[in-house]
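Student: Data: coords.csv, CSV, C-alpha atoms and all ligand atoms.
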```csv
chain,number,residue,atom,x,y,z
A,1,MET,CA,48.5,1.0,95.6
A,2,GLU,CA,47.6,4.7,95.3
A,3,ARG,CA,49.7,7.2,97.2
A,4,LYS,CA,48.3,10.7,97.7
A,5,ALA,CA,50.9,13.2,96.8
A,6,MET,CA,52.0,16.0,99.2
A,7,ILE,CA,53.6,19.3,98.5
A,8,ALA,CA,55.1,20.7,101.7
A,9,GLY,CA,56.6,24.1,102.4
A,10,ASN,CA,59.4,24.3,104.9
A,11,TRP,CA,59.8,28.0,105.8
A,12,LYS,CA,62.9,27.3,108.0
A,13,MET,CA,64.0,30.2,110.2
A,14,ASN,CA,62.5,32.8,107.9
A,15,LEU,CA,59.7,35.4,108.1
A,16,ASN,CA,58.5,37.6,110.9
A,17,SER,CA,54.9,37.3,112.1
A,18,LYS,CA,53.6,39.9,109.6
A,19,GLU,CA,55.4,38.2,106.7
A,20,ALA,CA,54.1,34.8,107.7
A,21,GLU,CA,50.6,36.1,107.9
A,22,GLU,CA,50.8,37.7,104.5
A,23,LEU,CA,52.2,34.6,102.9
A,24,ALA,CA,49.6,32.4,104.4
A,25,LEU,CA,46.8,34.7,103.3
A,26,ALA,CA,48.2,34.8,99.7
A,27,LEU,CA,48.4,31.0,99.7
A,28,LYS,CA,44.8,30.8,101.0
A,29,LYS,CA,43.7,33.1,98.2
A,30,GLY,CA,45.4,31.2,95.4
A,31,LEU,CA,44.8,27.6,96.5
A,32,ASP,CA,42.6,25.4,94.4
A,33,VAL,CA,40.5,23.9,97.2
A,34,ASP,CA,39.6,20.9,95.1
A,35,LEU,CA,43.2,19.9,94.8
A,36,LYS,CA,43.6,16.1,94.7
A,37,HIS,CA,46.8,16.1,96.7
A,38,GLU,CA,47.8,17.4,100.1
A,39,VAL,CA,49.4,20.7,101.0
A,40,LEU,CA,51.4,21.2,104.2
A,41,LEU,CA,53.1,24.2,105.7
A,42,ALA,CA,55.9,24.2,108.2
A,43,PRO,CA,56.4,27.7,109.6
A,44,GLY,CA,58.8,28.4,112.4
A,45,PHE,CA,57.5,27.7,115.9
A,46,ILE,CA,56.5,31.3,116.7
A,47,ASN,CA,54.4,31.6,113.5
A,48,LEU,CA,52.5,28.3,113.9
A,49,SER,CA,49.5,29.8,115.6
A,50,ILE,CA,49.3,32.7,113.3
A,51,VAL,CA,49.3,30.5,110.2
A,52,LYS,CA,46.9,28.0,111.8
A,53,LYS,CA,44.3,30.8,112.3
A,54,ILE,CA,44.5,31.7,108.6
A,55,ILE,CA,44.5,28.1,107.1
A,56,GLY,CA,41.9,26.7,109.6
A,57,GLY,CA,39.0,25.3,107.5
A,58,LEU,CA,41.2,24.9,104.4
A,59,PRO,CA,42.7,21.7,103.2
A,60,ILE,CA,46.2,22.7,104.4
A,61,LEU,CA,48.1,20.7,107.0
A,62,LEU,CA,50.3,22.2,109.6
A,63,ALA,CA,53.7,20.9,110.7
A,64,ALA,CA,56.5,21.9,113.0
A,65,GLN,CA,60.1,21.8,111.7
A,66,ASN,CA,61.4,20.0,114.8
A,67,MET,CA,60.4,19.1,118.3
A,68,SER,CA,61.6,17.7,121.6
A,69,TRP,CA,61.3,14.0,122.3
A,70,GLU,CA,60.1,14.9,125.8
A,71,ASN,CA,56.5,15.7,126.6
A,72,LYS,CA,57.2,18.4,129.2
A,73,GLY,CA,59.5,19.5,132.0
A,74,ALA,CA,62.8,21.2,132.6
A,75,PHE,CA,64.1,21.4,129.0
A,76,THR,CA,64.8,25.0,128.4
A,77,GLY,CA,64.4,26.2,124.8
A,78,GLU,CA,62.6,23.0,123.6
A,79,VAL,CA,59.1,22.6,122.2
A,80,SER,CA,57.1,19.5,123.0
A,81,PRO,CA,54.8,17.3,120.9
A,82,ILE,CA,52.0,18.1,123.3
A,83,GLN,CA,52.4,21.8,122.7
A,84,LEU,CA,52.5,21.3,118.9
A,85,ARG,CA,49.3,19.2,119.0
A,86,ASP,CA,47.6,21.9,121.2
A,87,ILE,CA,48.1,24.6,118.6
A,88,GLY,CA,46.9,22.5,115.7
A,89,CYS,CA,50.0,20.7,114.2
A,90,THR,CA,49.3,17.3,112.7
A,91,HIS,CA,52.8,16.7,111.3
A,92,VAL,CA,56.4,17.3,112.4
A,93,ILE,CA,59.6,17.2,110.3
A,94,ILE,CA,62.2,15.0,112.0
A,95,GLY,CA,65.8,14.7,111.2
A,96,HIS,CA,66.1,17.5,108.6
A,97,SER,CA,69.6,17.6,107.3
A,98,GLU,CA,70.1,21.0,108.9
A,99,ARG,CA,69.2,19.4,112.3
A,100,ARG,CA,71.6,16.6,111.6
A,101,HIS,CA,74.5,18.6,110.1
A,102,VAL,CA,74.3,21.9,111.9
A,103,PHE,CA,72.9,20.8,115.3
A,104,GLY,CA,74.4,17.4,115.5
A,105,GLU,CA,71.3,15.2,115.6
A,106,THR,CA,72.1,11.6,115.3
A,107,ASP,CA,70.1,8.6,114.2
A,108,VAL,CA,69.5,7.8,117.9
A,109,ILE,CA,68.0,11.3,118.5
A,110,VAL,CA,65.9,11.0,115.3
A,111,ASN,CA,64.6,7.6,116.5
A,112,LYS,CA,63.6,9.1,119.9
A,113,LYS,CA,61.8,12.0,118.2
A,114,ILE,CA,59.9,9.7,115.8
A,115,LYS,CA,58.8,7.6,118.8
A,116,ALA,CA,57.6,10.7,120.6
A,117,ALA,CA,55.8,12.0,117.6
A,118,ILE,CA,53.9,8.7,117.1
A,119,LYS,CA,53.1,8.5,120.8
A,120,ASN,CA,51.5,11.9,120.5
A,121,SER,CA,49.7,11.2,117.2
A,122,LEU,CA,51.8,13.6,115.2
A,123,THR,CA,52.8,12.2,111.7
A,124,PRO,CA,56.5,12.3,111.3
A,125,ILE,CA,58.1,13.5,108.1
A,126,LEU,CA,61.4,11.7,108.3
A,127,CYS,CA,64.2,13.3,106.3
A,128,ILE,CA,67.2,11.4,105.1
A,129,GLY,CA,69.9,12.1,102.5
A,130,GLU,CA,73.6,11.9,101.7
A,131,THR,CA,76.2,14.6,101.5
A,132,LEU,CA,78.1,15.4,98.3
A,133,ASP,CA,81.2,13.6,99.7
A,134,GLU,CA,79.1,10.5,100.4
A,135,ARG,CA,77.6,10.6,96.9
A,136,GLU,CA,81.0,11.0,95.3
A,137,ASN,CA,82.4,8.1,97.2
A,138,GLN,CA,79.5,5.8,96.3
A,139,LYS,CA,78.1,5.8,99.8
A,140,THR,CA,74.6,7.1,99.0
A,141,TYR,CA,72.8,3.8,99.4
A,142,ARG,CA,74.7,2.9,102.6
A,143,VAL,CA,73.9,6.3,104.2
A,144,LEU,CA,70.2,6.0,103.3
A,145,GLU,CA,70.1,2.4,104.6
A,146,THR,CA,71.7,3.4,107.9
A,147,GLN,CA,69.5,6.5,108.4
A,148,LEU,CA,66.3,4.5,107.7
A,149,LYS,CA,67.4,1.6,110.0
A,150,GLY,CA,68.3,4.0,112.8
A,151,ALA,CA,65.1,6.0,112.5
A,152,PHE,CA,62.9,2.9,112.6
A,153,GLU,CA,64.7,1.1,115.4
A,154,ASP,CA,62.3,-0.7,117.8
A,155,LEU,CA,59.2,0.5,115.9
A,156,SER,CA,56.5,-1.9,114.6
A,157,GLU,CA,54.9,-1.7,111.2
A,158,GLU,CA,51.7,-0.6,112.9
A,159,GLN,CA,53.4,2.2,114.7
A,160,VAL,CA,55.0,3.7,111.6
A,161,SER,CA,52.1,3.0,109.3
A,162,ASN,CA,51.5,6.7,108.6
A,163,ILE,CA,55.0,8.0,108.4
A,164,ILE,CA,56.2,10.1,105.5
A,165,VAL,CA,59.8,9.8,104.3
A,166,ALA,CA,61.6,12.8,102.6
A,167,TYR,CA,64.6,12.0,100.5
A,168,GLU,CA,66.7,15.2,100.6
A,169,PRO,CA,70.3,15.0,99.2
A,170,VAL,CA,72.2,17.4,101.4
A,171,TRP,CA,74.1,18.7,98.3
A,172,ALA,CA,70.8,19.8,96.8
A,173,ILE,CA,69.4,21.7,99.7
A,174,GLY,CA,69.5,25.5,99.3
A,175,THR,CA,72.2,25.2,96.6
A,176,GLY,CA,70.2,25.5,93.5
A,177,LYS,CA,71.6,22.1,92.4
A,178,THR,CA,68.6,19.8,92.1
A,179,ALA,CA,68.9,16.1,91.7
A,180,THR,CA,68.0,15.2,88.2
A,181,PRO,CA,64.6,13.4,87.9
A,182,ASP,CA,66.5,10.2,87.2
A,183,GLN,CA,68.8,10.6,90.2
A,184,ALA,CA,65.8,11.3,92.4
A,185,GLN,CA,63.8,8.4,91.0
A,186,ASP,CA,66.8,6.0,91.6
A,187,ALA,CA,67.2,7.1,95.2
A,188,HIS,CA,63.4,6.8,95.8
A,189,VAL,CA,63.4,3.3,94.4
A,190,PHE,CA,66.2,2.3,96.7
A,191,VAL,CA,64.4,3.9,99.7
A,192,ARG,CA,61.3,2.0,98.8
A,193,LYS,CA,63.2,-1.3,98.6
A,194,GLU,CA,64.7,-0.6,102.1
A,195,LEU,CA,61.2,0.1,103.4
A,196,GLU,CA,60.1,-3.2,102.0
A,197,ARG,CA,63.1,-5.0,103.6
A,198,LEU,CA,62.1,-3.4,107.0
A,199,TYR,CA,58.3,-3.8,106.9
A,200,GLY,CA,57.3,-5.7,103.8
A,201,ASP,CA,55.8,-4.8,100.4
A,202,ASP,CA,52.4,-3.3,101.6
A,203,PHE,CA,54.2,-0.9,103.8
A,204,ALA,CA,56.7,0.1,101.1
A,205,GLN,CA,54.0,0.5,98.4
A,206,SER,CA,51.8,2.7,100.7
A,207,THR,CA,54.4,4.9,102.2
A,208,ARG,CA,54.9,8.3,100.6
A,209,ILE,CA,58.4,9.4,99.7
A,210,LEU,CA,58.8,13.1,99.1
A,211,TYR,CA,61.8,14.7,97.3
A,212,GLY,CA,63.5,17.8,98.7
A,213,GLY,CA,66.4,19.9,97.6
A,214,SER,CA,66.1,23.0,95.3
A,215,VAL,CA,62.6,22.1,94.1
A,216,LYS,CA,61.5,25.0,92.0
A,217,VAL,CA,58.8,26.1,89.5
A,218,GLU,CA,61.2,25.1,86.8
A,219,ASN,CA,61.7,21.5,87.9
A,220,ILE,CA,58.6,20.5,89.9
A,221,ASP,CA,56.6,19.1,86.9
A,222,GLN,CA,59.5,16.8,85.7
A,223,LEU,CA,60.2,15.6,89.3
A,224,MET,CA,56.5,14.8,90.0
A,225,ALA,CA,56.4,12.8,86.7
A,226,GLN,CA,58.7,10.2,88.3
A,227,PRO,CA,56.7,7.2,89.5
A,228,ASP,CA,58.3,6.9,92.9
A,229,LEU,CA,58.2,10.6,93.8
A,230,ASP,CA,55.1,11.1,95.9
A,231,GLY,CA,55.6,14.8,96.6
A,232,ALA,CA,58.1,17.5,97.4
A,233,LEU,CA,59.5,19.2,100.5
A,234,VAL,CA,60.2,22.7,99.4
A,235,GLY,CA,62.4,25.3,101.1
A,236,GLY,CA,63.4,28.5,99.4
A,237,GLU,CA,60.7,28.4,96.7
A,238,SER,CA,57.9,28.0,99.4
A,239,LEU,CA,58.6,31.6,100.7
A,240,LYS,CA,57.1,33.4,97.7
A,241,ALA,CA,53.4,33.0,97.3
A,242,ASP,CA,53.3,33.0,93.5
A,243,LYS,CA,56.1,30.6,93.1
A,244,PHE,CA,54.9,28.2,95.8
A,245,LEU,CA,51.4,28.3,94.4
A,246,ARG,CA,52.8,27.2,91.0
A,247,VAL,CA,54.7,24.4,92.7
A,248,ILE,CA,51.6,23.3,94.6
A,249,HIS,CA,49.6,23.2,91.4
A,250,TYR,CA,52.2,21.2,89.5
A,251,GLN,CA,51.2,19.6,86.2
B,1,LIG,P1,65.4,24.0,99.5
B,1,LIG,O1,65.2,23.3,100.9
B,1,LIG,O2,64.2,23.8,98.7
B,1,LIG,O3,65.6,25.5,99.8
B,1,LIG,O4,66.6,23.4,98.8
B,1,LIG,C1,64.6,22.1,101.0
B,1,LIG,C2,64.6,21.6,102.4
B,1,LIG,O5,65.6,21.8,103.1
B,1,LIG,O6,63.6,21.0,102.9
```
I'd like the structure from this file rewritten - as structure tokens, please.

Tutor:
Amino acid sequence: MERKAMIAGNWKMNLNSKEAEELALALKKGLDVDLKHEVLLAPGFINLSIVKKIIGGLPILLAAQNMSWENKGAFTGEVSPIQLRDIGCTHVIIGHSERRHVFGETDVIVNKKIKAAIKNSLTPILCIGETLDERENQKTYRVLETQLKGAFEDLSEEQVSNIIVAYEPVWAIGTGKTATPDQAQDAHVFVRKELERLYGDDFAQSTRILYGGSVKVENIDQLMAQPDLDGALVGGESLKADKFLRVIHYQ
């Protein structure tokens, strides 16, 4: 089964409005519009509209980095799925390791957010991954299994049919330490097996699994050569137009 690759840029809490505009314009200028795979940008909330105006009409998808599981109401400081849809988001990153480890998001919260995204026709990009301590103590597979099971709790195959999974080992995020292509491929094979266990072979074979964690110009080609890597979620390297364009146009 063919899986369309995706290169996603997670800008995290970086760039003011002018910088976001400049980066989006530079990406627009350098993008091969006949690209066979998908490109997605996840700017911070306040830059979503600015970026949307620039990429409208281009084959670039727009995602938020997080959202509330509630649609509206007295939830000070939160942003709702309805608001995200309204300004043109089609995707939302859920359960990023910084949400889990810095802001205490649990698998229960991740599950609520996935449900809210699906209910509002936003495609979730579900992030999972082990810490260094967990990897060194041979707990990687157990962690991935628990996070997947928790995220998909009470959801049918039909409901999650479009979901995207991102395997992001916590020890590789923002550290410059990338998983080797073999390590990444091993983890992706395991994740795909778990997806098969949860929803069957068709689902597992059609679901895209992105790799994230210090993806750079220097390693993107080797990573994308792995059969079970269906794309990349790129942080630091997505903030510089020339570098991110090279990552997008991987070989
Ligand atoms: P990084 O971040 O590329 O800067 O390691 C990836 C991510 O957190 O999605």

Student: Which residues, written as a PyMOL selection string, have at least one atom at most 7 Å from A:Ile173, with all atoms listed in the file counted and residues fewer than 3 positions away on the same chain left out?

Tutor: chain A and resi 169-170+213-214

Student: Skipping near chain neighbours, those fewer than 2 positions away, what residues fall within 12 Å of A:Ile46 using all atoms listed in the file, listed as a list in words?

Tutor: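 Surrounding residues, per the criterion: Trp11, Lys12, Met13, Asn14, Leu15, Asn16, Ser17, Lys18, Ala20, Glu21, Ala42, Pro43, Gly44, Leu48, Ser49, Ile50, Val51, Lys52, Ala64, Gln65, Val79, Gln83, Leu84 and Ile87 of chain A.
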
Student: Between atom CA of A:Asp230 and atom CA of A:Arg208, what is the distance, to one decimal in Å?

Tutor: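 Result for atom CA of A:Asp230 versus atom CA of A:Arg208: 5.5 Å, one decimal.
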
Student: Which residues, written as a PyMOL selection string, have at least one atom at most 12 Å from A:Leu245, with all atoms listed in the file counted and residues fewer than 6 positions away on the same chain left out?

Tutor: chain A and resi 7-9+23-32+35+39+216-217+220+234+237-239+251

Student: Atom CA of A:Val191 to atom CA of A:Phe203: how many Å, to one decimal?

Tutor: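 Taking atom CA of A:Val191 and atom CA of A:Phe203, their separation equals 12.0 Å.
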
Student: Provide the atom CA of A:Pro181 to atom CA of A:Gln226 distance in Å, to one decimal place.

Tutor: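 Between atom CA of A:Pro181 and atom CA of A:Gln226 the gap is 6.7 Å.
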
Student: Find, counting only C-alpha atoms, the residue in A:Phe75, A:Phe190, A:Phe152, A:Phe244 that gets nearest to A:Leu40.

Tutor: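 Distance minimum relative to A:Leu40 lands on A:Phe244.
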
Student: Take stretch 154-190 of chain A, bring it up to N, CA and C atoms, and give me the output as a PDB file, in the frame of the given file.

Tutor:
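part_32.pdb written:
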```
ATOM      1  N   ASP A 154      63.293  -0.350 116.741  1.00  0.00           N
ATOM      2  CA  ASP A 154      62.300  -0.700 117.800  1.00  0.00           C
ATOM      3  C   ASP A 154      60.894  -0.165 117.488  1.00  0.00           C
ATOM      4  N   LEU A 155      60.562   0.017 116.257  1.00  0.00           N
ATOM      5  CA  LEU A 155      59.200   0.500 115.900  1.00  0.00           C
ATOM      6  C   LEU A 155      58.521  -0.596 115.067  1.00  0.00           C
ATOM      7  N   SER A 156      57.270  -0.892 115.395  1.00  0.00           N
ATOM      8  CA  SER A 156      56.500  -1.900 114.600  1.00  0.00           C
ATOM      9  C   SER A 156      55.943  -1.288 113.376  1.00  0.00           C
ATOM     10  N   GLU A 157      55.540  -2.139 112.452  1.00  0.00           N
ATOM     11  CA  GLU A 157      54.900  -1.700 111.200  1.00  0.00           C
ATOM     12  C   GLU A 157      53.678  -0.849 111.529  1.00  0.00           C
ATOM     13  N   GLU A 158      52.920  -1.314 112.502  1.00  0.00           N
ATOM     14  CA  GLU A 158      51.700  -0.600 112.900  1.00  0.00           C
ATOM     15  C   GLU A 158      52.025   0.811 113.362  1.00  0.00           C
ATOM     16  N   GLN A 159      53.056   0.914 114.171  1.00  0.00           N
ATOM     17  CA  GLN A 159      53.400   2.200 114.700  1.00  0.00           C
ATOM     18  C   GLN A 159      53.808   3.226 113.612  1.00  0.00           C
ATOM     19  N   VAL A 160      54.509   2.727 112.611  1.00  0.00           N
ATOM     20  CA  VAL A 160      55.000   3.700 111.600  1.00  0.00           C
ATOM     21  C   VAL A 160      54.112   3.724 110.344  1.00  0.00           C
ATOM     22  N   SER A 161      52.906   3.176 110.460  1.00  0.00           N
ATOM     23  CA  SER A 161      52.100   3.000 109.300  1.00  0.00           C
ATOM     24  C   SER A 161      51.786   4.325 108.523  1.00  0.00           C
ATOM     25  N   ASN A 162      51.796   5.464 109.237  1.00  0.00           N
ATOM     26  CA  ASN A 162      51.500   6.700 108.600  1.00  0.00           C
ATOM     27  C   ASN A 162      52.677   7.593 108.222  1.00  0.00           C
ATOM     28  N   ILE A 163      53.853   7.121 108.563  1.00  0.00           N
ATOM     29  CA  ILE A 163      55.000   8.000 108.400  1.00  0.00           C
ATOM     30  C   ILE A 163      55.255   8.396 106.967  1.00  0.00           C
ATOM     31  N   ILE A 164      55.846   9.563 106.799  1.00  0.00           N
ATOM     32  CA  ILE A 164      56.200  10.100 105.500  1.00  0.00           C
ATOM     33  C   ILE A 164      57.733  10.172 105.449  1.00  0.00           C
ATOM     34  N   VAL A 165      58.355   9.725 104.382  1.00  0.00           N
ATOM     35  CA  VAL A 165      59.800   9.800 104.300  1.00  0.00           C
ATOM     36  C   VAL A 165      60.125  10.936 103.255  1.00  0.00           C
ATOM     37  N   ALA A 166      61.125  11.753 103.546  1.00  0.00           N
ATOM     38  CA  ALA A 166      61.600  12.800 102.600  1.00  0.00           C
ATOM     39  C   ALA A 166      63.024  12.481 102.236  1.00  0.00           C
ATOM     40  N   TYR A 167      63.274  12.173 100.957  1.00  0.00           N
ATOM     41  CA  TYR A 167      64.600  12.000 100.500  1.00  0.00           C
ATOM     42  C   TYR A 167      65.165  13.391 100.116  1.00  0.00           C
ATOM     43  N   GLU A 168      66.164  13.874 100.853  1.00  0.00           N
ATOM     44  CA  GLU A 168      66.700  15.200 100.600  1.00  0.00           C
ATOM     45  C   GLU A 168      68.234  15.127 100.525  1.00  0.00           C
ATOM     46  N   PRO A 169      68.794  14.978  99.314  1.00  0.00           N
ATOM     47  CA  PRO A 169      70.300  15.000  99.200  1.00  0.00           C
ATOM     48  C   PRO A 169      70.809  16.280  99.750  1.00  0.00           C
ATOM     49  N   VAL A 170      71.737  16.182 100.688  1.00  0.00           N
ATOM     50  CA  VAL A 170      72.200  17.400 101.400  1.00  0.00           C
ATOM     51  C   VAL A 170      72.833  18.371 100.367  1.00  0.00           C
ATOM     52  N   TRP A 171      73.469  17.849  99.326  1.00  0.00           N
ATOM     53  CA  TRP A 171      74.100  18.700  98.300  1.00  0.00           C
ATOM     54  C   TRP A 171      73.126  19.461  97.466  1.00  0.00           C
ATOM     55  N   ALA A 172      71.856  19.119  97.567  1.00  0.00           N
ATOM     56  CA  ALA A 172      70.800  19.800  96.800  1.00  0.00           C
ATOM     57  C   ALA A 172      70.054  20.824  97.565  1.00  0.00           C
ATOM     58  N   ILE A 173      70.249  20.828  98.882  1.00  0.00           N
ATOM     59  CA  ILE A 173      69.400  21.700  99.700  1.00  0.00           C
ATOM     60  C   ILE A 173      69.971  23.121  99.738  1.00  0.00           C
ATOM     61  N   GLY A 174      69.153  24.040  99.247  1.00  0.00           N
ATOM     62  CA  GLY A 174      69.500  25.500  99.300  1.00  0.00           C
ATOM     63  C   GLY A 174      70.662  25.818  98.353  1.00  0.00           C
ATOM     64  N   THR A 175      71.061  24.909  97.485  1.00  0.00           N
ATOM     65  CA  THR A 175      72.200  25.200  96.600  1.00  0.00           C
ATOM     66  C   THR A 175      71.861  25.498  95.212  1.00  0.00           C
ATOM     67  N   GLY A 176      70.600  25.291  94.866  1.00  0.00           N
ATOM     68  CA  GLY A 176      70.200  25.500  93.500  1.00  0.00           C
ATOM     69  C   GLY A 176      70.509  24.300  92.600  1.00  0.00           C
ATOM     70  N   LYS A 177      71.215  23.306  93.188  1.00  0.00           N
ATOM     71  CA  LYS A 177      71.600  22.100  92.400  1.00  0.00           C
ATOM     72  C   LYS A 177      70.514  21.029  92.745  1.00  0.00           C
ATOM     73  N   THR A 178      69.600  20.807  91.849  1.00  0.00           N
ATOM     74  CA  THR A 178      68.600  19.800  92.100  1.00  0.00           C
ATOM     75  C   THR A 178      69.087  18.445  91.612  1.00  0.00           C
ATOM     76  N   ALA A 179      68.678  17.386  92.274  1.00  0.00           N
ATOM     77  CA  ALA A 179      68.900  16.100  91.700  1.00  0.00           C
ATOM     78  C   ALA A 179      68.177  16.000  90.392  1.00  0.00           C
ATOM     79  N   THR A 180      68.721  15.335  89.399  1.00  0.00           N
ATOM     80  CA  THR A 180      68.000  15.200  88.200  1.00  0.00           C
ATOM     81  C   THR A 180      66.774  14.266  88.465  1.00  0.00           C
ATOM     82  N   PRO A 181      65.729  14.340  87.659  1.00  0.00           N
ATOM     83  CA  PRO A 181      64.600  13.400  87.900  1.00  0.00           C
ATOM     84  C   PRO A 181      65.035  11.981  87.988  1.00  0.00           C
ATOM     85  N   ASP A 182      66.013  11.580  87.163  1.00  0.00           N
ATOM     86  CA  ASP A 182      66.500  10.200  87.200  1.00  0.00           C
ATOM     87  C   ASP A 182      67.219   9.879  88.508  1.00  0.00           C
ATOM     88  N   GLN A 183      68.071  10.827  88.954  1.00  0.00           N
ATOM     89  CA  GLN A 183      68.800  10.600  90.200  1.00  0.00           C
ATOM     90  C   GLN A 183      67.791  10.484  91.373  1.00  0.00           C
ATOM     91  N   ALA A 184      66.797  11.357  91.374  1.00  0.00           N
ATOM     92  CA  ALA A 184      65.800  11.300  92.400  1.00  0.00           C
ATOM     93  C   ALA A 184      65.024  10.009  92.387  1.00  0.00           C
ATOM     94  N   GLN A 185      64.579   9.638  91.194  1.00  0.00           N
ATOM     95  CA  GLN A 185      63.800   8.400  91.000  1.00  0.00           C
ATOM     96  C   GLN A 185      64.636   7.187  91.523  1.00  0.00           C
ATOM     97  N   ASP A 186      65.916   7.134  91.151  1.00  0.00           N
ATOM     98  CA  ASP A 186      66.800   6.000  91.600  1.00  0.00           C
ATOM     99  C   ASP A 186      66.839   5.933  93.091  1.00  0.00           C
ATOM    100  N   ALA A 187      67.050   7.075  93.742  1.00  0.00           N
ATOM    101  CA  ALA A 187      67.200   7.100  95.200  1.00  0.00           C
ATOM    102  C   ALA A 187      65.828   6.654  95.832  1.00  0.00           C
ATOM    103  N   HIS A 188      64.730   7.128  95.254  1.00  0.00           N
ATOM    104  CA  HIS A 188      63.400   6.800  95.800  1.00  0.00           C
ATOM    105  C   HIS A 188      63.142   5.277  95.673  1.00  0.00           C
ATOM    106  N   VAL A 189      63.546   4.705  94.547  1.00  0.00           N
ATOM    107  CA  VAL A 189      63.400   3.300  94.400  1.00  0.00           C
ATOM    108  C   VAL A 189      64.173   2.513  95.425  1.00  0.00           C
ATOM    109  N   PHE A 190      65.396   2.995  95.669  1.00  0.00           N
ATOM    110  CA  PHE A 190      66.200   2.300  96.700  1.00  0.00           C
ATOM    111  C   PHE A 190      65.558   2.465  98.073  1.00  0.00           C
TER     112      PHE A 190
END
```
